[in-house]
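Participant: Provided herewith: data_34.txt, compact mmCIF, C-alpha atoms.
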```txt
# COMPACT_ATOMS: atom_id res chain seq x y z
CA MET A 171 147.95 219.49 40.11
CA ALA A 172 150.83 218.74 37.76
CA ILE A 173 149.91 216.91 34.60
CA ILE A 174 151.99 213.82 33.93
CA GLU A 175 152.69 213.63 30.25
CA ASN A 176 153.14 210.32 28.49
CA THR A 177 156.60 210.11 26.97
CA ILE A 178 156.30 206.55 25.69
CA ALA A 179 156.92 206.41 21.97
CA THR A 180 154.69 203.53 20.97
CA GLY A 181 155.92 203.70 17.40
CA SER A 182 159.60 203.38 18.30
CA ALA A 183 161.65 200.31 17.48
CA GLY A 184 162.49 199.88 21.18
CA PHE A 185 158.82 199.84 22.19
CA GLN A 186 157.92 197.37 19.45
CA GLY A 187 160.83 195.14 20.41
CA ASN A 188 159.75 195.12 24.07
CA ARG A 189 156.15 194.40 23.06
CA ASP A 190 157.12 191.53 20.80
CA GLY A 191 159.37 190.08 23.50
CA MET A 192 156.61 190.22 26.10
CA LEU A 193 154.04 188.67 23.76
CA ALA A 194 156.49 185.84 23.06
CA LEU A 195 156.88 185.18 26.80
CA ILE A 196 153.10 185.18 27.26
CA ALA A 197 152.71 182.74 24.38
CA ARG A 198 155.33 180.49 25.96
CA MET A 199 153.50 180.61 29.30
CA ARG A 200 150.17 179.78 27.65
CA GLY A 201 151.84 176.87 25.89
CA LEU A 202 153.08 175.48 29.21
CA GLU A 203 149.62 175.87 30.73
CA GLU A 204 148.15 173.98 27.78
CA ARG A 205 150.73 171.21 28.27
CA THR A 206 149.47 170.74 31.83
CA ARG A 207 145.84 170.64 30.70
CA LYS A 208 146.65 168.04 28.03
CA ALA A 209 148.61 165.90 30.51
CA SER A 210 145.57 165.81 32.81
CA ALA A 211 143.09 165.32 29.96
CA ALA A 212 145.06 162.27 28.79
CA ALA A 213 143.38 160.39 31.66
CA LYS A 214 139.89 161.24 30.38
CA ASP A 215 138.98 157.76 29.10
CA ARG A 216 140.14 156.12 32.34
CA PHE A 217 138.20 158.61 34.48
CA HIS A 218 135.02 158.41 32.43
CA LYS A 219 135.15 154.61 32.39
CA ARG A 220 135.06 154.74 36.20
CA GLY A 221 132.15 157.19 36.05
CA GLN A 222 134.34 160.08 37.23
CA LEU A 223 134.95 163.58 35.94
CA LEU A 224 138.35 165.05 35.20
CA PRO A 225 139.50 167.63 37.78
CA ARG A 226 138.98 170.59 35.47
CA GLU A 227 135.55 169.32 34.47
CA ARG A 228 134.67 169.22 38.16
CA VAL A 229 136.00 172.74 38.78
CA ALA A 230 133.91 174.03 35.86
CA LEU A 231 130.75 172.52 37.39
CA VAL A 232 131.47 174.01 40.83
CA LEU A 233 131.91 177.52 39.43
CA ASP A 234 128.90 179.63 38.48
CA PRO A 235 128.22 179.27 34.73
CA GLY A 236 129.78 182.06 32.70
CA SER A 237 131.59 183.57 35.68
CA PRO A 238 135.32 184.42 35.56
CA PHE A 239 137.94 182.17 37.10
CA LEU A 240 141.36 183.59 37.92
CA GLU A 241 143.70 180.60 37.92
CA LEU A 242 146.78 181.07 40.10
CA SER A 243 150.38 179.79 40.08
CA THR A 244 150.03 177.90 36.81
CA LEU A 245 153.82 177.63 36.41
CA ALA A 246 154.50 176.35 39.95
CA GLY A 247 157.13 173.63 39.97
CA TYR A 248 158.20 174.16 36.37
CA MET A 249 161.31 172.03 35.67
CA PHE A 250 161.34 170.75 39.27
CA ASP A 251 159.29 167.66 38.47
CA VAL A 252 161.76 166.77 35.69
CA PRO A 253 164.71 169.01 34.73
CA ASP A 254 163.71 169.04 31.07
CA ALA A 255 162.00 172.12 29.63
CA ASP A 256 160.31 170.00 26.96
CA LYS A 257 158.88 167.44 29.39
CA SER A 258 158.18 169.33 32.60
CA VAL A 259 154.50 169.63 33.53
CA PRO A 260 154.04 172.75 35.66
CA GLY A 261 151.28 173.51 38.14
CA GLY A 262 152.40 171.43 41.12
CA GLY A 263 149.62 168.86 40.57
CA LEU A 264 147.02 171.37 41.67
CA VAL A 265 144.34 173.51 40.00
CA ALA A 266 143.71 176.61 42.10
CA GLY A 267 142.15 180.01 41.60
CA ILE A 268 139.51 182.55 42.56
CA GLY A 269 136.00 182.17 41.22
CA PHE A 270 132.32 182.51 42.10
CA VAL A 271 130.36 179.68 43.72
CA SER A 272 126.64 180.40 44.19
CA GLY A 273 127.41 184.09 43.78
CA ILE A 274 130.13 184.11 46.46
CA ARG A 275 133.75 184.78 45.58
CA CYS A 276 135.76 181.79 46.79
CA MET A 277 139.21 180.27 46.64
CA VAL A 278 138.79 176.99 44.75
CA SER A 279 141.47 174.30 44.88
CA ALA A 280 141.41 170.88 43.21
CA ASN A 281 143.92 168.03 43.22
CA ASP A 282 144.77 167.33 39.59
CA ALA A 283 144.25 163.59 39.87
CA GLY A 284 144.85 163.20 36.14
CA ILE A 285 148.56 163.78 36.88
CA ASP A 286 150.34 161.33 39.22
CA ALA A 287 147.00 160.45 40.88
CA GLY A 288 146.86 163.92 42.42
CA ALA A 289 149.92 163.29 44.61
CA LEU A 290 151.17 166.46 46.26
CA GLN A 291 154.42 167.62 44.71
CA PRO A 292 156.95 169.78 46.57
CA TYR A 293 155.92 172.94 44.72
CA GLY A 294 152.30 171.87 45.01
CA LEU A 295 152.86 172.30 48.74
CA ASP A 296 154.06 175.88 48.24
CA LYS A 297 151.12 176.54 45.96
CA THR A 298 148.63 175.16 48.48
CA LEU A 299 150.07 177.24 51.32
CA ARG A 300 149.99 180.36 49.14
CA VAL A 301 146.34 179.99 48.08
CA GLN A 302 145.37 179.34 51.71
CA GLU A 303 147.17 182.53 52.74
CA LEU A 304 145.40 184.46 49.98
CA ALA A 305 142.05 183.07 51.12
CA LEU A 306 142.75 184.19 54.69
CA GLU A 307 144.05 187.64 53.71
CA ASN A 308 141.16 188.32 51.35
CA LYS A 309 138.42 186.68 53.44
CA LEU A 310 137.52 184.03 50.89
CA PRO A 311 135.78 180.73 51.70
CA TYR A 312 138.05 177.81 50.79
CA VAL A 313 136.52 175.16 48.53
CA GLN A 314 138.58 171.99 47.96
CA LEU A 315 137.92 169.22 45.48
CA VAL A 316 139.85 166.33 46.98
CA GLU A 317 141.23 163.26 45.26
CA SER A 318 144.84 162.75 46.24
CA ALA A 319 147.38 160.01 46.75
CA GLY A 320 148.96 162.18 49.47
CA ALA A 321 152.56 163.25 49.09
CA ASN A 322 154.66 162.03 46.19
CA LEU A 323 157.17 160.15 48.32
CA LEU A 324 159.65 159.82 45.45
CA ARG A 325 160.10 163.59 45.34
CA TYR A 326 159.30 164.62 48.89
CA ARG A 327 161.90 165.55 51.49
CA VAL A 328 161.64 165.34 55.27
CA GLU A 329 161.55 169.15 55.39
CA ASP A 330 158.47 169.12 53.15
CA PHE A 331 156.60 166.95 55.66
CA VAL A 332 157.41 169.46 58.39
CA ARG A 333 156.19 172.38 56.27
CA GLY A 334 153.25 170.35 55.04
CA GLY A 335 151.69 170.49 58.49
CA ASN A 336 151.02 174.17 57.82
CA ILE A 337 148.28 173.11 55.39
CA PHE A 338 146.25 171.74 58.29
CA ARG A 339 147.13 174.63 60.58
CA ASN A 340 145.84 177.01 57.90
CA LEU A 341 142.54 175.13 57.73
CA ALA A 342 142.13 175.79 61.45
CA ARG A 343 143.08 179.45 60.98
CA LEU A 344 140.52 179.88 58.20
CA SER A 345 137.82 178.32 60.36
CA ALA A 346 138.74 180.51 63.33
CA ALA A 347 138.43 183.57 61.08
CA GLY A 348 134.89 182.56 60.12
CA LEU A 349 135.91 181.49 56.62
CA PRO A 350 134.44 178.04 55.97
CA GLY A 351 136.54 175.26 54.55
CA VAL A 352 134.36 173.16 52.25
CA PRO A 353 136.01 170.03 50.85
CA VAL A 354 134.28 167.68 48.43
CA THR A 355 135.92 164.25 48.35
CA HIS A 356 135.24 162.46 45.08
CA GLY A 357 137.93 159.77 44.88
CA SER A 358 140.60 157.99 46.87
CA SER A 359 142.24 160.33 49.37
CA THR A 360 145.30 159.20 51.29
CA ALA A 361 147.17 160.78 54.21
CA GLY A 362 147.12 164.56 53.65
CA GLY A 363 144.28 164.13 51.18
CA ALA A 364 142.19 162.60 53.95
CA TYR A 365 143.28 165.10 56.61
CA GLN A 366 142.03 168.01 54.51
CA ALA A 367 138.52 166.62 54.69
CA GLY A 368 138.76 165.75 58.38
CA LEU A 369 139.91 169.22 59.41
CA SER A 370 137.38 171.29 57.48
CA ASP A 371 134.08 172.85 58.53
CA HIS A 372 131.77 171.12 56.07
CA LEU A 373 132.31 167.91 54.14
CA GLY A 374 130.72 166.66 50.95
CA MET A 375 131.39 163.17 49.61
CA VAL A 376 130.32 162.00 46.16
CA ARG A 377 128.16 158.92 46.50
CA GLY A 378 129.90 155.64 45.83
CA SER A 379 133.39 156.80 44.88
CA PRO A 380 135.42 158.28 47.77
CA THR A 381 137.73 156.50 50.18
CA ALA A 382 139.84 158.06 52.93
CA PHE A 383 143.06 156.41 54.11
CA ARG A 384 145.41 157.54 56.84
CA GLY A 385 148.04 155.68 54.88
CA ALA A 386 147.87 153.47 51.81
CA PRO A 387 147.99 149.71 52.56
CA PRO A 388 151.45 149.28 50.92
CA GLN A 389 152.97 151.76 53.38
CA PRO A 390 152.78 149.60 56.54
CA LYS A 391 153.94 146.63 54.48
CA HIS A 392 157.09 148.46 53.38
CA ALA A 393 157.73 150.21 56.70
CA PRO A 394 157.27 147.78 59.65
CA GLY A 395 156.58 144.78 57.40
CA ASP A 396 152.97 144.41 58.52
CA ILE A 397 150.17 143.48 56.15
CA PRO A 398 147.04 145.43 57.16
CA PRO A 399 143.78 143.51 57.48
CA SER A 400 141.01 144.09 54.98
CA GLN A 401 138.85 145.46 57.80
CA GLY A 402 139.52 147.05 61.16
CA PRO A 403 141.62 149.88 62.56
CA GLY A 404 144.28 149.57 59.85
CA ARG A 405 141.79 150.34 57.12
CA ALA A 406 140.08 153.62 56.51
CA ALA A 407 136.36 154.22 56.50
CA HIS A 408 134.58 153.79 53.21
CA THR A 409 131.63 156.10 52.75
CA HIS A 410 128.77 156.31 50.29
CA ASP A 411 127.08 159.45 51.59
CA ASP A 412 126.53 162.60 49.58
```
Re-express the file's structure as structure tokens.
Facilitator:
Amino acid sequence: MAIIENTIATGSAGFQGNRDGMLALIARMRGLEERTRKASAAAKDRFHKRGQLLPRERVALVLDPGSPFLELSTLAGYMFDVPDADKSVPGGGLVAGIGFVSGIRCMVSANDAGIDAGALQPYGLDKTLRVQELALENKLPYVQLVESAGANLLRYRVEDFVRGGNIFRNLARLSAAGLPGVPVTHGSSTAGGAYQAGLSDHLGMVRGSPTAFRGAPPQPKHAPGDIPPSQGPGRAAHTHDD
């Protein structure tokens, strides 16, 4: 067997320049990730006043203590929310990654409700579809922490609604493959946020806080001009079960 000799000159100026350049890019990426965490954490007082946890606090409690968590697609949607490098908050409004839950390696996804009430952004859609595909390809149970205002209608296109249906198709595909979908609803969940819970294998709901709406009450008011009643078919079920 031929021996492959290392010809990299680690002491060369070229190597050092490449290393410094790569470390600078990594530092920039970590800075953007920290910007997203701070944007979500800014809602801490409001969440805690309501007796709720921040999304990342909830993810930390779901994961086994001390176990690794490989967060994915942290730069999704960078400069597509706002075209300003100094103001853009990447991540697509979603925290997602691979971690251990009760000793089982799982795909864990959480709406970042500290940012735009967890509304699904266009690149949050791509991120969701990608982590679902990874869960299916790698045979990972799919754990969702759900609190979402549905799609961000100010930034959503008709094409995104068409593609968005793949989220629910993928939940069915995961179930058919024997990979359980396990959502935990812990806040208000509208439209797609509610469908995720309805189309999964097992459902957990935090006592006293979740609601599930097919559409928020202002939507029928602005669309056909109807004002939905406080009770009845136009209003979603309100649950208090664990």
Participant: So what do you get for CA of Asn281 in chain A versus CA of Lys309 in chain A, distance-wise?
Facilitator: 22.0 Å
Participant: Show me the residues around (142.0, 163.6, 36.8) - criterion: an atom at most 12 Å away, all atoms listed in the file counted - as an MDAnalysis selection string.
Facilitator: chainID A and resid 206:218 220:229 263:265 280:289 315:319 356:358
Participant: Could you give me, as an mmCIF file with C-alpha atoms, in the frame of the given file, the residues within 7 Å of range 246-257 of chain A, counting all atoms listed in the file and dropping anything in the same chain fewer than 3 positions from it?
Facilitator:
```
data_model
loop_
_atom_site.group_PDB
_atom_site.id
_atom_site.type_symbol
_atom_site.label_atom_id
_atom_site.label_comp_id
_atom_site.auth_asym_id
_atom_site.auth_seq_id
_atom_site.Cartn_x
_atom_site.Cartn_y
_atom_site.Cartn_z
ATOM 1 C CA SER A 243 150.380 179.790 40.080
ATOM 2 C CA PRO A 260 154.040 172.750 35.660
ATOM 3 C CA GLY A 261 151.280 173.510 38.140
ATOM 4 C CA GLY A 262 152.400 171.430 41.120
ATOM 5 C CA TYR A 293 155.920 172.940 44.720
ATOM 6 C CA LYS A 297 151.120 176.540 45.960
#
```
Participant: CA of Gly273 in chain A and CA of Val354 in chain A are how many Å apart?
Facilitator: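 It comes out at 18.4 Å.
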Participant: What is the distance, in Å and to one decimal place, between CA of Pro353 in chain A and CA of Leu242 in chain A?
Facilitator: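 Answer for the CA of Pro353 in chain A to CA of Leu242 in chain A separation: 18.8 Å.
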